[in-house]
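A short write-up of the structure that comes next.
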Amino acid sequence: MTSLADLAATLKALHRKGDPVVLPTAWDAWSAGTAVAAGFAALTIGSHPMANSLGRTDGEGMTYDEAMARVAQITAAAGVPVSVDIEAGYGLPAERLIEGLLGAGAVGLNIEDTVHSEGGRLREPQEHADFVAALRAAADAAGVPVVINARTDVILKKIGDEADRVDRAIARLRLCAEFGADALYPVGFHDDATLRRLTGELPLPVNAIAHPATGELAALAAAGAGRISFGPTWQGALTERSNELLARWH
């Protein structure tokens, strides 16, 4: 049986600038099994689609224990490295987050800087980097090199002046890189020039988000992405198709 440490090392090695790993964003055992059967070597679990599957809302509308129970089902079905969007950390300490993640069989995480448990405030840059450092220390203590994908919502949520918004996102993520991140996630659908700037100025593989029906792998690779995920768009596309099928029976 492959150890968690080996799965984590495998996941990290898949992150390559210009030759991105595509991590279909799963939400249950069925979606995970479908992606693995299609030939994908690793997966990510999105908080939004997972919350939907549990009848909860995104933004930490499910508890961490509920999320990890579902993650354990997914990792058991997948048999490949799995990363999990743990949102802002559910108000829990880093040690508890890593313990839950590893207990559920996952070896990577997204951590965002929007603090849902505190009214949706944005963590200060150093505060977010310090949390990344705490997660790294907890993972190191557990003996598993968990792949930390540090996310900022500055661009997605259009926070602050547009003129220097990308500059501020880059500064935040550079700090996260210094404090132990393995990949960086300036979340949002970016135009080619912005994505090229992000991948050119950030020191670690950059996570780009894509829609599975309209995104172009070659274009994202050419722009320098090192990781591609779908967020809630795969589930959303399946919902649209399901609605079309079901409408025939009204």
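Chain lettering (A, B, ...) mirrors the order of the structure tokens, residue numbering begins at 1 for each chain separately, and ligand numbering begins at 1 in order of display.
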
| field | Within 6 Å of range 61-77 of chain A using only C-alpha atoms, minus same-chain residues under 2 positions, as a ChimeraX atom specification | value | /A:28-29,56-59,104-105

Residue neighbourhood range 143-154 of chain A, 9 Å, only C-alpha atoms, exclusion window fewer than 4 positions, as a PyMOL selection string: chain A and resi 4-6+8-9+11-12+83+85+98+102+106-114+122+128-129+132+135-136+138-139+158-160+165-166+168-169+172-173+176-177+180-188+206-207

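Here CA of Gly200 in chain A and CA of Gly226 in chain A stand 11.4 Å from one another.
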
To test your reading of the structure, identify every residue in range 204-237 of chain A that backbone DSSP assigns to helix (DSSP H, G or I), and report it as number ranges by chain.
A: 217-222, 233-237

Restrict the selected residues to C-alpha atoms and save them as a JSON list (two decimals), in the first residue's frame.
```
[["chain", "number", "residue", "atom", "x", "y", "z"],
["A", 217, "LEU", "CA", -5.16, 22.89, -21.87],
["A", 218, "ALA", "CA", -2.62, 23.96, -24.48],
["A", 219, "ALA", "CA", -3.32, 27.65, -23.91],
["A", 220, "LEU", "CA", -3.01, 27.37, -20.14],
["A", 221, "ALA", "CA", 0.20, 25.38, -20.49],
["A", 222, "ALA", "CA", 1.63, 27.97, -22.88],
["A", 233, "THR", "CA", -17.57, 24.09, -13.06],
["A", 234, "TRP", "CA", -17.47, 20.33, -13.76],
["A", 235, "GLN", "CA", -20.35, 19.73, -11.37],
["A", 236, "GLY", "CA", -22.15, 22.74, -12.85],
["A", 237, "ALA", "CA", -21.74, 21.44, -16.40]]
```

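In terms of minimum interatomic distance to Thr34 in chain A, A:Ala78 ranks closest within A:Ile155, A:Ala94, A:Val21, A:Ala78, counting only C-alpha atoms.
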
So, counting only C-alpha atoms, which residue among A:Gly231, A:Ala225, A:Trp30, A:Pro125 is closest to Thr44 in chain A?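 The closest residue to Thr44 in chain A is A:Gly231.
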
A straight line from CA of Ile170 in chain A to CA of Thr214 in chain A spans 26.4 Å

message: Please return, as a list of chain:residue names, all residues of range 73-123 of chain A that DSSP assigns to strand (DSSP E) on the basis of the backbone.
response: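 Listing strand (DSSP E) positions across range 73-123 of chain A yields A:Val82, A:Ser83, A:Val84, A:Asp85, A:Gly108, A:Leu109, A:Asn110, A:Ile111, A:Thr114, A:Val115, A:Arg121, A:Leu122.
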
Nearest-residue call for Val115 in chain A, choices A:Arg96, A:Thr239, A:Glu60, A:Glu162, using only C-alpha atoms
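Of A:Arg96, A:Thr239, A:Glu60, A:Glu162, the one nearest Val115 in chain A, counting only C-alpha atoms, is A:Glu60.
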
Between A:Ile228, A:Leu245, A:Ala88, A:Ala171, which residue has the minimum interatomic distance to His211 in chain A, considering only C-alpha atoms?
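The answer is A:Ile228, which sits nearest to His211 in chain A.
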
As a check of understanding: the span from CA of Ser242 in chain A to CA of Glu216 in chain A is 23.6 Å

Shortest contact to Phe40 in chain A, candidates A:Leu101, A:Gly79, A:Pro205, A:Leu156, atoms counted only C-alpha atoms, goes to A:Gly79

Closest of A:His190, A:Arg227, A:Arg123, A:Arg196 to Asp19 in chain A, counting only C-alpha atoms, is A:Arg227
